[in-house]
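File shown: protein23.cif. Contents: mmCIF, C-alpha atoms.
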```
data_final
loop_
_atom_site.label_atom_id
_atom_site.label_comp_id
_atom_site.auth_asym_id
_atom_site.auth_seq_id
_atom_site.Cartn_x
_atom_site.Cartn_y
_atom_site.Cartn_z
CA MET A 720 -22.49 -87.41 -36.03
CA LEU A 721 -19.90 -90.09 -35.49
CA LYS A 722 -18.39 -92.29 -38.19
CA VAL A 723 -17.33 -95.73 -36.93
CA THR A 724 -14.87 -97.86 -38.91
CA VAL A 725 -13.66 -101.26 -37.75
CA ASP A 726 -10.08 -101.52 -39.00
CA VAL A 727 -9.90 -105.20 -39.79
CA PHE A 728 -9.63 -105.94 -43.50
CA SER A 729 -6.70 -105.74 -45.81
CA GLY A 730 -8.14 -105.94 -49.34
CA ARG A 731 -11.81 -105.01 -49.15
CA PRO A 732 -13.06 -101.79 -47.50
CA ASN A 733 -13.41 -101.91 -43.72
CA PRO A 734 -16.96 -102.07 -42.31
CA SER A 735 -18.14 -98.55 -41.59
CA TRP A 736 -21.29 -96.80 -40.44
CA ILE A 737 -22.51 -93.48 -39.12
CA ILE A 738 -24.15 -92.94 -35.74
CA ASP A 739 -26.16 -89.87 -35.03
CA GLY A 740 -28.55 -88.72 -32.36
CA PRO A 741 -28.34 -89.33 -28.62
CA GLU A 742 -26.56 -92.66 -28.91
CA GLY A 743 -23.52 -91.04 -30.54
CA LYS A 744 -23.44 -88.42 -27.78
CA GLU A 745 -23.53 -91.12 -25.08
CA ILE A 746 -20.53 -92.86 -26.63
CA LEU A 747 -18.55 -89.64 -26.91
CA LYS A 748 -19.41 -88.74 -23.31
CA ASP A 749 -18.20 -92.16 -22.18
CA LEU A 750 -14.95 -91.73 -24.08
CA ALA A 751 -14.45 -88.18 -22.79
CA MET A 752 -14.48 -89.62 -19.27
CA ASN A 753 -12.11 -92.43 -20.24
CA ARG A 754 -9.42 -90.62 -22.22
CA LYS A 755 -6.98 -93.45 -21.64
CA ALA A 756 -9.09 -95.61 -23.93
CA ILE A 757 -8.26 -93.51 -27.01
CA ASP A 758 -5.16 -93.21 -29.09
CA GLU A 759 -4.08 -91.19 -32.12
CA GLU A 760 -4.54 -92.42 -35.69
CA ASP A 761 -2.04 -94.84 -37.24
CA SER A 762 -0.90 -96.03 -33.84
CA GLY A 763 -1.00 -99.43 -32.13
CA PHE A 764 -1.15 -102.77 -33.87
CA GLN A 765 -0.53 -102.40 -37.61
CA GLY A 766 -0.51 -106.01 -38.81
CA LEU A 767 -3.10 -108.29 -40.38
CA GLY A 768 -6.32 -108.78 -38.45
CA PHE A 769 -8.14 -106.59 -35.97
CA ARG A 770 -6.30 -103.25 -35.64
CA GLY A 771 -8.83 -101.29 -33.60
CA ILE A 772 -11.86 -99.11 -34.16
CA HIS A 773 -11.52 -95.76 -35.83
CA LEU A 774 -13.92 -93.03 -34.72
CA GLU A 775 -14.34 -89.83 -36.66
CA LEU A 776 -16.38 -86.84 -35.56
CA LEU A 777 -18.23 -85.50 -38.56
CA SER A 778 -18.95 -82.11 -37.04
CA ASP A 779 -16.26 -79.64 -36.00
CA GLU A 780 -18.27 -78.66 -32.96
CA THR A 781 -18.64 -82.10 -31.40
CA GLY A 782 -14.96 -82.52 -30.64
CA LYS A 783 -14.75 -79.24 -28.78
CA GLU A 784 -17.83 -80.11 -26.79
CA TYR A 785 -16.30 -83.31 -25.43
CA GLY A 786 -12.65 -82.35 -25.58
CA LEU A 787 -11.90 -85.13 -28.06
CA PRO A 788 -9.75 -85.03 -31.21
CA ARG A 789 -11.46 -85.01 -34.63
CA SER A 790 -10.54 -88.64 -35.21
CA PHE A 791 -8.93 -91.28 -33.04
CA LEU A 792 -8.67 -95.00 -32.33
CA ILE A 793 -9.91 -97.27 -29.58
CA ALA A 794 -8.93 -100.90 -28.82
CA ASN A 795 -5.86 -100.61 -31.08
CA GLY A 796 -3.61 -102.64 -28.80
CA ALA A 797 -1.75 -99.59 -27.51
CA THR A 798 -4.09 -97.57 -25.34
CA ALA A 799 -3.72 -97.41 -21.56
CA ASN A 800 -7.27 -98.66 -21.13
CA GLU A 801 -7.90 -101.37 -23.66
CA SER A 802 -10.73 -102.91 -21.61
CA LYS A 803 -12.82 -99.77 -21.94
CA GLY A 804 -12.02 -99.51 -25.64
CA PHE A 805 -13.16 -103.08 -26.25
CA GLU A 806 -16.27 -102.54 -24.14
CA ILE A 807 -17.28 -99.58 -26.31
CA GLY A 808 -16.18 -101.39 -29.46
CA GLU A 809 -18.30 -104.43 -28.67
CA HIS A 810 -21.24 -102.16 -27.98
CA LEU A 811 -20.77 -100.40 -31.35
CA VAL A 812 -20.50 -103.64 -33.30
CA GLY A 813 -23.50 -105.02 -31.45
CA LYS A 814 -25.57 -102.11 -32.71
CA MET A 815 -24.12 -101.87 -36.20
CA LEU A 816 -27.04 -103.53 -37.99
CA SER A 817 -29.36 -100.75 -36.93
CA TYR A 818 -27.19 -98.32 -38.93
CA SER A 819 -26.95 -100.47 -42.05
CA LYS A 820 -29.30 -98.25 -44.00
CA SER A 821 -27.20 -95.07 -43.81
CA TYR A 822 -25.34 -94.69 -47.10
CA ILE A 823 -21.57 -94.53 -47.24
CA THR A 824 -19.49 -95.63 -50.24
CA GLU A 825 -17.58 -98.40 -48.40
CA ARG A 826 -20.86 -100.23 -47.88
CA GLU A 827 -21.06 -101.35 -51.53
CA LEU A 828 -18.22 -103.83 -51.07
CA THR A 829 -18.73 -104.45 -47.36
CA PRO A 830 -22.44 -104.55 -46.58
CA LEU A 831 -23.37 -104.67 -42.92
CA ASP A 832 -25.09 -107.97 -42.26
CA GLU A 833 -25.33 -110.62 -39.58
CA GLY A 834 -22.49 -112.69 -41.00
CA LEU A 835 -20.13 -109.75 -40.86
CA GLN A 836 -21.30 -108.83 -37.37
CA LYS A 837 -20.56 -112.35 -36.07
CA HIS A 838 -17.17 -112.30 -37.77
CA LEU A 839 -16.27 -108.98 -36.12
CA GLN A 840 -17.50 -110.09 -32.73
CA GLY A 841 -15.37 -113.24 -33.00
CA ILE A 842 -12.14 -111.50 -33.88
CA MET A 843 -12.68 -108.79 -31.26
CA LYS A 844 -13.22 -111.46 -28.64
CA ARG A 845 -9.93 -113.08 -29.56
CA ALA A 846 -8.14 -109.72 -29.54
CA SER A 847 -9.61 -108.70 -26.20
CA ALA A 848 -8.37 -111.96 -24.66
CA GLN A 849 -4.89 -110.45 -24.80
CA ILE A 850 -5.81 -107.34 -22.87
CA PRO A 851 -4.52 -108.31 -19.42
CA LYS A 852 -1.02 -108.79 -20.79
CA ARG A 853 -1.07 -105.40 -22.50
CA GLU A 854 -2.56 -103.55 -19.58
CA LYS A 855 0.05 -104.93 -17.23
CA VAL A 856 2.67 -103.14 -19.29
CA TYR A 857 0.78 -99.90 -18.96
CA GLU A 858 0.26 -100.39 -15.27
CA THR A 859 3.99 -100.63 -15.03
CA VAL A 860 4.29 -97.31 -16.78
CA ASN A 861 1.78 -95.86 -14.37
CA GLY A 862 3.80 -97.09 -11.44
CA LYS A 863 1.42 -99.67 -10.00
CA ILE A 864 3.70 -102.68 -10.31
CA VAL A 865 6.89 -100.87 -11.15
CA GLN A 866 8.97 -102.85 -8.67
CA GLU A 867 8.04 -106.23 -10.11
CA GLU A 868 8.55 -105.15 -13.69
CA LEU A 869 11.78 -103.33 -12.93
CA SER A 870 13.32 -106.34 -11.27
CA LYS A 871 12.45 -108.43 -14.33
CA TYR A 872 14.12 -105.87 -16.59
CA ALA A 873 17.09 -105.66 -14.27
CA VAL A 874 17.71 -109.41 -14.61
CA LYS A 875 17.42 -109.13 -18.38
CA VAL A 876 19.77 -106.15 -18.56
CA GLU A 877 22.30 -107.84 -16.27
CA LYS A 878 22.27 -110.92 -18.50
CA GLU A 879 22.80 -108.79 -21.60
CA LEU A 880 25.59 -106.92 -19.86
CA GLU A 881 27.35 -110.20 -19.05
CA GLU A 882 27.04 -111.28 -22.69
CA LEU A 883 28.50 -107.95 -23.82
CA LYS A 884 31.40 -108.29 -21.38
CA SER A 885 32.13 -111.77 -22.70
CA LEU A 886 32.01 -110.48 -26.30
CA ILE A 887 34.35 -107.61 -25.48
CA SER A 888 36.75 -110.03 -23.83
CA LYS A 889 36.67 -112.26 -26.93
CA LEU A 890 37.26 -109.28 -29.20
CA ARG A 891 40.24 -108.18 -27.07
CA LYS A 892 41.66 -111.69 -27.33
CA VAL A 893 41.27 -111.62 -31.12
CA LYS A 894 42.95 -108.23 -31.27
CA ARG A 895 45.87 -109.52 -29.20
CA ALA A 896 46.16 -112.61 -31.40
CA CYS A 897 46.53 -110.78 -34.69
CA CYS A 898 48.76 -113.29 -36.47
CA MET A 899 50.86 -112.74 -39.57
CA ILE A 900 50.13 -115.07 -42.48
CA GLU A 901 51.30 -115.36 -46.06
CA VAL A 902 48.68 -115.23 -48.80
CA CYS A 903 49.79 -116.68 -52.15
CA ARG A 904 48.52 -115.76 -55.57
CA VAL A 905 46.34 -118.45 -57.16
CA ASN A 906 48.43 -120.67 -59.45
CA LEU A 907 46.12 -123.39 -60.72
CA SER A 908 48.42 -124.59 -63.50
CA PHE A 909 50.93 -125.67 -60.85
CA TRP A 910 48.43 -128.34 -59.81
CA ASN A 911 46.51 -128.95 -63.01
CA SER A 912 48.83 -128.95 -65.99
CA ASP A 913 50.53 -132.25 -65.19
CA SER A 914 47.98 -135.06 -64.97
CA TYR A 915 50.24 -137.10 -62.67
CA VAL A 916 50.50 -134.18 -60.22
CA CYS A 917 46.78 -133.57 -60.50
CA TYR A 918 46.02 -137.21 -59.76
CA TRP A 919 48.36 -137.71 -56.83
CA ASN A 920 47.67 -134.52 -54.87
CA ASN A 921 44.46 -133.81 -53.00
CA CYS A 922 42.82 -131.06 -50.96
CA TYR A 923 45.26 -131.48 -48.05
CA ASN A 924 48.17 -131.02 -50.43
CA TYR A 925 46.53 -127.93 -51.85
CA GLY A 926 45.46 -126.56 -48.47
CA THR A 927 48.95 -126.86 -47.01
CA ASN A 928 50.51 -125.90 -50.37
CA ARG A 929 52.67 -129.03 -50.43
CA LYS A 930 52.96 -131.10 -53.58
CA THR A 931 53.92 -134.54 -52.21
CA ASN A 932 52.43 -136.74 -54.96
CA THR A 933 51.21 -139.05 -52.18
CA PHE A 934 47.53 -138.02 -51.92
CA ALA A 935 48.47 -136.68 -48.47
CA GLN A 936 46.49 -137.46 -45.34
CA PRO A 937 46.28 -135.41 -42.13
CA GLY A 938 48.30 -137.13 -39.40
CA ARG A 939 50.23 -139.46 -41.70
CA GLY A 940 53.35 -137.28 -41.87
CA SER A 941 53.59 -137.12 -38.08
CA GLY A 942 52.72 -140.76 -37.49
CA HIS A 943 49.19 -140.13 -36.24
CA PRO A 944 46.93 -141.38 -39.03
CA ASN A 945 43.23 -140.73 -38.56
CA ASN A 946 40.28 -142.74 -39.75
CA VAL A 947 37.46 -140.84 -38.08
CA MET A 948 35.92 -138.30 -40.41
CA GLN A 949 34.66 -135.76 -37.89
CA CYS A 950 35.85 -132.17 -37.40
CA ALA A 951 37.69 -132.73 -34.12
CA ASN A 952 39.57 -135.82 -35.34
CA VAL A 953 40.70 -134.44 -38.69
CA ALA A 954 41.69 -131.13 -37.09
CA GLN A 955 43.70 -132.95 -34.41
CA ALA A 956 45.47 -135.06 -37.06
CA ALA A 957 46.45 -131.89 -38.96
CA LYS A 958 47.67 -130.36 -35.70
CA TYR A 959 49.87 -133.41 -35.11
CA ASP A 960 51.37 -132.61 -38.51
CA GLY A 961 52.13 -129.12 -37.24
CA ALA A 962 49.07 -127.02 -38.11
CA HIS A 963 47.80 -124.51 -35.57
CA ASP A 964 44.33 -123.27 -34.74
CA ARG A 965 43.64 -119.80 -36.05
CA TYR A 966 45.03 -117.07 -33.76
CA ASP A 967 47.63 -119.46 -32.39
CA CYS A 968 50.40 -117.61 -34.19
CA PHE A 969 53.53 -118.97 -35.84
CA PRO A 970 56.78 -116.97 -35.69
CA ASP A 971 58.28 -115.44 -38.83
CA SER A 972 60.72 -118.32 -39.01
CA GLU A 973 57.77 -120.54 -39.99
CA LYS A 974 56.97 -118.60 -43.17
CA PRO A 975 55.04 -119.39 -45.34
CA ARG A 976 52.02 -119.64 -43.03
CA PRO A 977 48.91 -120.28 -45.15
CA LEU A 978 45.42 -119.82 -43.74
CA MET A 979 43.32 -122.92 -44.30
CA ALA A 980 39.69 -123.87 -43.70
CA LEU A 981 38.51 -127.38 -42.87
CA VAL A 982 35.11 -128.88 -43.63
CA VAL A 983 33.77 -132.40 -43.19
CA ASP A 984 31.23 -134.69 -44.82
CA PRO A 985 30.47 -136.31 -41.42
CA GLY A 986 31.56 -139.91 -41.26
CA TRP A 987 32.92 -140.00 -44.80
CA ASP A 988 35.46 -137.42 -45.85
CA TYR A 989 37.12 -134.08 -45.17
CA HIS A 990 38.08 -131.16 -47.38
CA TRP A 991 40.48 -128.20 -47.10
CA TYR A 992 40.47 -124.72 -48.62
CA ARG A 993 43.34 -122.21 -48.74
CA TYR A 994 43.07 -118.42 -48.56
CA GLN A 995 44.60 -116.85 -51.67
CA TYR A 996 44.25 -113.95 -54.04
CA ILE A 997 43.94 -113.26 -57.74
CA GLN A 998 45.12 -110.19 -59.59
CA PHE A 999 42.14 -108.68 -61.37
CA PHE A 1000 42.57 -105.43 -63.36
CA GLY A 1001 45.35 -104.44 -61.02
CA LEU A 1002 43.31 -105.26 -57.91
CA LYS A 1003 44.07 -107.99 -55.43
CA LEU A 1004 40.90 -110.01 -54.86
CA TYR A 1005 41.04 -112.33 -51.87
CA LEU A 1006 39.26 -115.66 -52.16
CA TRP A 1007 39.61 -119.35 -51.37
CA GLY A 1008 41.13 -122.04 -53.61
CA HIS A 1009 40.74 -125.80 -53.27
CA LYS A 1010 41.35 -129.10 -55.01
CA PRO A 1011 38.57 -131.70 -54.72
CA GLY A 1012 40.44 -135.02 -54.63
CA HIS A 1013 42.02 -136.02 -57.94
CA THR A 1014 40.25 -133.25 -59.84
CA LYS A 1015 41.68 -129.95 -60.92
CA ALA A 1016 42.34 -127.19 -58.42
CA LYS A 1017 39.81 -124.39 -58.66
CA ILE A 1018 38.49 -121.23 -57.03
CA THR A 1019 34.78 -121.97 -57.51
CA ASP A 1020 32.26 -123.94 -55.46
CA ASN A 1021 29.68 -126.56 -56.44
CA SER A 1022 27.47 -123.82 -57.89
CA GLY A 1023 30.29 -122.43 -60.00
CA ASN A 1024 30.58 -119.32 -57.84
CA ILE A 1025 33.88 -117.86 -56.69
CA ILE A 1026 34.53 -118.86 -53.10
CA TRP A 1027 34.62 -115.65 -51.10
CA ASN A 1028 33.68 -117.43 -47.90
CA PRO A 1029 34.18 -121.16 -47.27
CA GLU A 1030 31.57 -121.06 -44.50
CA THR A 1031 28.78 -120.11 -46.86
CA CYS A 1032 29.83 -121.46 -50.26
CA ASN A 1033 28.11 -124.49 -51.84
CA ARG A 1034 30.01 -127.48 -50.43
CA GLY A 1035 27.64 -130.30 -51.39
CA GLY A 1036 27.64 -132.96 -48.67
CA TYR A 1037 30.51 -131.39 -46.71
CA THR A 1038 28.07 -129.83 -44.30
CA ASP A 1039 30.20 -129.38 -41.18
CA PHE A 1040 32.41 -126.31 -41.06
CA CYS A 1041 35.23 -127.11 -38.64
CA GLY A 1042 37.16 -123.84 -38.48
CA TYR A 1043 40.32 -122.10 -39.66
CA PHE A 1044 43.93 -123.25 -39.25
CA TYR A 1045 47.43 -122.09 -40.07
CA GLY A 1046 49.96 -124.19 -41.97
CA CYS A 1047 53.69 -123.58 -41.57
CA LYS A 1048 57.11 -124.35 -43.03
CA SER A 1049 57.91 -127.20 -40.66
CA MET A 1050 54.58 -128.94 -41.19
CA LYS A 1051 54.93 -132.65 -41.93
CA VAL A 1052 52.65 -133.43 -44.87
CA ALA A 1053 52.73 -136.90 -46.36
CA MET B 58 41.37 -153.42 -64.57
CA ARG B 59 40.47 -151.09 -61.73
CA VAL B 60 37.32 -149.06 -61.15
CA GLU B 61 37.45 -145.96 -58.95
CA ALA B 62 34.34 -144.15 -57.75
CA ASP B 63 35.44 -140.51 -57.66
CA VAL B 64 33.49 -139.27 -54.66
CA PHE B 65 35.95 -138.11 -52.00
CA SER B 66 38.25 -135.16 -51.69
CA GLY B 67 40.57 -135.96 -48.82
CA VAL B 68 40.45 -139.68 -48.23
CA PRO B 69 41.26 -142.08 -51.07
CA ASN B 70 38.35 -142.98 -53.33
CA PRO B 71 36.84 -146.47 -53.14
CA CYS B 72 38.43 -148.76 -55.75
CA TRP B 73 37.85 -152.34 -56.88
CA ASP B 74 39.01 -154.63 -59.67
CA LEU B 75 36.85 -156.01 -62.46
CA THR B 76 36.88 -159.72 -63.10
CA GLU B 77 37.86 -161.12 -66.52
CA SER B 78 34.24 -161.66 -67.46
CA GLU B 79 33.29 -158.15 -66.32
CA ILE B 80 36.08 -156.67 -68.45
CA HIS B 81 34.80 -158.58 -71.49
CA ARG B 82 31.27 -157.42 -70.78
CA LEU B 83 32.40 -153.80 -70.46
CA VAL B 84 34.35 -153.89 -73.76
CA GLU B 85 31.34 -155.47 -75.45
CA MET B 86 29.01 -152.72 -74.17
CA LEU B 87 31.44 -149.96 -75.15
CA GLN B 88 31.64 -151.21 -78.74
CA ASN B 89 27.97 -150.53 -79.32
CA LEU B 90 27.92 -146.95 -77.99
CA PRO B 91 27.50 -143.98 -80.35
CA LYS B 92 30.21 -141.37 -80.42
CA LYS B 93 29.44 -137.87 -79.06
CA LYS B 94 30.79 -134.51 -80.05
CA THR B 95 33.62 -133.99 -77.58
CA GLN B 96 32.91 -131.33 -74.98
CA LEU B 97 34.58 -130.49 -71.73
CA LEU B 98 33.29 -133.04 -69.22
CA GLU B 99 32.60 -130.78 -66.27
CA THR B 100 32.01 -132.33 -62.88
CA ILE B 101 30.51 -130.64 -59.86
CA GLY B 102 33.55 -130.26 -57.57
CA LEU B 103 32.74 -131.73 -54.18
CA GLY B 104 30.68 -134.93 -54.29
CA TYR B 105 30.10 -137.52 -57.01
CA ARG B 106 32.34 -136.96 -60.04
CA GLY B 107 31.89 -140.28 -61.85
CA PHE B 108 33.68 -143.61 -62.24
CA TYR B 109 37.17 -144.03 -63.62
CA VAL B 110 38.20 -147.31 -65.22
CA SER B 111 41.90 -147.83 -65.86
CA GLU B 112 44.78 -150.22 -65.62
CA ALA B 113 45.87 -150.09 -61.96
CA MET B 114 48.14 -147.10 -61.24
CA ASP B 115 47.87 -145.95 -64.83
CA ARG B 116 44.83 -143.74 -64.45
CA PRO B 117 46.29 -140.35 -65.36
CA PHE B 118 47.14 -141.54 -68.87
CA ASN B 119 44.76 -144.23 -70.14
CA LYS B 120 41.31 -144.28 -68.74
CA LEU B 121 37.56 -144.22 -69.09
CA HIS B 122 35.68 -141.52 -67.24
CA VAL B 123 32.01 -142.40 -66.89
CA TYR B 124 29.86 -139.52 -65.66
CA ARG B 125 26.16 -138.77 -65.98
CA GLY B 126 25.56 -140.23 -69.44
CA THR B 127 28.95 -139.54 -70.99
CA ILE B 128 31.95 -141.84 -71.28
CA GLU B 129 35.23 -140.09 -71.97
CA VAL B 130 37.91 -142.40 -73.31
CA THR B 131 41.49 -141.17 -72.94
CA TYR B 132 44.26 -143.06 -74.63
CA ALA B 133 47.60 -141.28 -74.64
CA ASP B 134 46.80 -137.92 -76.25
CA THR B 135 43.54 -139.02 -77.86
CA VAL B 136 40.21 -138.19 -76.19
CA ILE B 137 36.82 -139.30 -77.50
CA GLN B 138 33.39 -139.24 -75.88
CA LEU B 139 30.61 -141.83 -76.11
CA ALA B 140 26.96 -141.52 -75.18
CA ASP B 141 25.96 -143.73 -72.26
CA LYS B 142 22.20 -143.79 -72.78
CA ASP B 143 20.21 -143.98 -69.52
CA ARG B 144 23.57 -144.12 -67.69
CA LYS B 145 23.50 -147.87 -68.36
CA ILE B 146 27.24 -148.43 -68.05
CA GLU B 147 27.49 -146.04 -65.10
CA TYR B 148 24.98 -148.08 -63.12
CA TRP B 149 26.51 -151.33 -64.34
CA LEU B 150 29.86 -150.17 -62.92
CA LEU B 151 28.13 -149.30 -59.65
CA GLY B 152 26.73 -152.84 -59.61
CA THR B 153 30.22 -154.34 -59.90
CA SER B 154 31.16 -152.60 -56.62
CA LYS B 155 28.57 -154.43 -54.53
CA GLN B 156 30.73 -157.39 -53.60
CA HIS B 157 33.70 -155.15 -52.80
CA LEU B 158 32.29 -152.24 -50.77
CA SER B 159 30.46 -152.07 -47.46
CA GLY B 160 26.72 -151.58 -47.60
CA ASP B 161 27.04 -148.06 -46.13
CA LEU B 162 29.59 -146.99 -48.70
CA PHE B 163 27.57 -148.50 -51.54
CA ASN B 164 24.48 -146.60 -50.34
CA LYS B 165 26.54 -143.41 -49.97
CA ILE B 166 27.67 -143.64 -53.61
CA CYS B 167 24.10 -144.41 -54.73
CA SER B 168 22.79 -141.31 -52.96
CA LEU B 169 25.56 -139.12 -54.37
CA MET B 170 24.86 -140.37 -57.92
CA GLU B 171 21.26 -139.16 -57.90
#
```
Written as structure tokens, how would this file's structure read?
Amino acid sequence: MLKVTVDVFSGRPNPSWIIDGPEGKEILKDLAMNRKAIDEEDSGFQGLGFRGIHLELLSDETGKEYGLPRSFLIANGATANESKGFEIGEHLVGKMLSYSKSYITERELTPLDEGLQKHLQGIMKRASAQIPKREKVYETVNGKIVQEELSKYAVKVEKELEELKSLISKLRKVKRACCMIEVCRVNLSFWNSDSYVCYWNNCYNYGTNRKTNTFAQPGRGSGHPNNVMQCANVAQAAKYDGAHDRYDCFPDSEKPRPLMALVVDPGWDYHWYRYQYIQFFGLKLYLWGHKPGHTKAKITDNSGNIIWNPETCNRGGYTDFCGYFYGCKSMKVA
Amino acid sequence: MRVEADVFSGVPNPCWDLTESEIHRLVEMLQNLPKKKTQLLETIGLGYRGFYVSEAMDRPFNKLHVYRGTIEVTYADTVIQLADKDRKIEYWLLGTSKQHLSGDLFNKICSLME
């Protein structure tokens, strides 16, 4: 006796029936001659939808007779002969109504009827349409079109190798450009306690750590004012003032060298953050401080969270992250 | 009297002056507003943070801060808060900007206020 279960449902029991007599023997004989059509349990496609047909021998003698395991799968998306598996599967489903009378517990929730049979035939047809693609992979394993497949893989591997080389080169560059910076402790009262200072100093003042009381603008101190609110333009204006891109190091004579981050609300405004730390129960916690326009300097973002990373914090409309920069002693901020 | 829409961080905020009749209208509207229990007027950080009304260049000391239904009046060391029901004065102030700001900037402030 052979128990057939179509592994297809997720919530309700899978359709299942028992085949006995000569028909079961014919199927087992067919499978014994096509061993590549079977696979072990819990293998192959494991997602939602048709996952194969589970066959279980209900007598310990039958398996020995045909040299088959006690239970196994066919048409599970992973056998070396999916076509045969689907051929047998379609045959089994085609005959399932003639076994609808045999009692098994699963049948109470999943009765075998014409509607179910059509449903199974439909999803198996869709699944079998993908066979050629799968079998090609196996043919490759069996050496039939090894050359073609290998050359495809070779191209892929070469491409990945090039990407890795480029990454390694970038990492080496970063390692070489390990710049020294100065990280200041957060001192919000310096900016906030005097309302005049708070009003006349903005994010650029805070980012560069220069209280000018002029509501400073990138480029103004060096005579290169900028009116275009895009990353490249604001960054260039700050560089005219003396800022450097990250990893373009300043010498020790340019201490203090704060690390700043620039973001832009495209077309409208820019904003700067400065890398700092707070002392918390004796620990140094590194974070980012900022001063949104005339408002008080702070270490939190628009969600009220501490800014650990200016790239991912809540920045409202300042959607473009432009990059990191160094300030320096000789920077002209005005 | 100057109005400043506090919306930018780096570039200067858009500012414009109220006319004599607008100043009278504003004072008239303020007189009828109920007082609120004073609480810290917290703004979001980056983005729209309200309107400030002050004598030009005098903003840090004497001002009105109008933000999402609350009007904070600062005069020297005294701070009181008034309830701006339905953000009536806030939107009225926005309306006074129309003849002074570009259409794009006006629309930008409108979108930030929502």
Atom pair CA of Asp967 (chain A) / CA of Gln955 (chain A): separation (Å): 14.2 Å
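Reported to one decimal place, the separation of CA of Met843 (chain A) from CA of Leu777 (chain A) is 25.0 Å.
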Care to translate the PyMOL selection byres ((chain B) within 6 of (chain A)) into actual residues of this file, as a PyMOL selection string? chain B and resi 66-68+101-103+117
Output the residue selection produced by the PyMOL selection byres ((chain B and resi 132) around 7) on the file above, formatted as a ChimeraX atom specification. /B:118-120,130-131,133-136
All residues 8 Å or closer to Phe108 (chain B), all atoms listed in the file, same chain fewer than 6 positions away omitted, as a compact mmCIF listing (two decimals) with C-alpha atoms, in the coordinates of the input:
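Writing done, so here's out25.txt:
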```txt
# COMPACT_ATOMS: atom_id res chain seq x y z
CA VAL B 60 37.32 -149.06 -61.15
CA GLU B 61 37.45 -145.96 -58.95
CA ALA B 62 34.34 -144.15 -57.75
CA ASP B 63 35.44 -140.51 -57.66
CA LEU B 121 37.56 -144.22 -69.09
CA HIS B 122 35.68 -141.52 -67.24
CA VAL B 123 32.01 -142.40 -66.89
CA TYR B 124 29.86 -139.52 -65.66
CA GLU B 147 27.49 -146.04 -65.10
CA LEU B 150 29.86 -150.17 -62.92
```
By how many Å are CA of Lys1048 (chain A) and CA of His963 (chain A) apart?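 Going from CA of Lys1048 (chain A) over to CA of His963 (chain A) covers 11.9 Å.
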Counting only C-alpha atoms, write as a VMD selection string all protein and nucleic acid residues lying at most 12 Å from (20.9, -142.7, -68.4) in the file's frame. chain B and resid 123 to 128 140 to 149 170 to 171
Box in all listed atoms of region 132-142 of chain B, axis-aligned, with 5 Å more on each side; write out centre and edge lengths in Å to one decimal as JSON.
```
{"center_x": 34.9, "center_y": -140.9, "center_z": -75.1, "size_x": 35.4, "size_y": 15.9, "size_z": 15.6}
```
With all atoms listed in the file as the counted atoms, please give the residues lying no more than 12 Å from Asp761 (chain A), apart from itself and same-chain residues fewer than 2 positions off, as a ChimeraX atom specification. /A:726,758-759,763-766,770-773,790-793,795-797
Which one of A:Leu747, A:Ile900, A:Leu774, A:Met752 sits closest to Lys722 (chain A) if you count only C-alpha atoms?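 That would be A:Leu774, the residue with the smallest distance to Lys722 (chain A).
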Just the residues within 10 Å of region 998-1005 of chain A, please, counting only C-alpha atoms, with nothing from its chain fewer than 5 positions along; format it as number ranges by chain. A: 902-905, 1026-1028
Might you pull out every residue within 12 Å of His157 (chain B), with all atoms listed in the file counted and same-chain residues fewer than 4 positions away left off, and present them as a count of residues only? 16
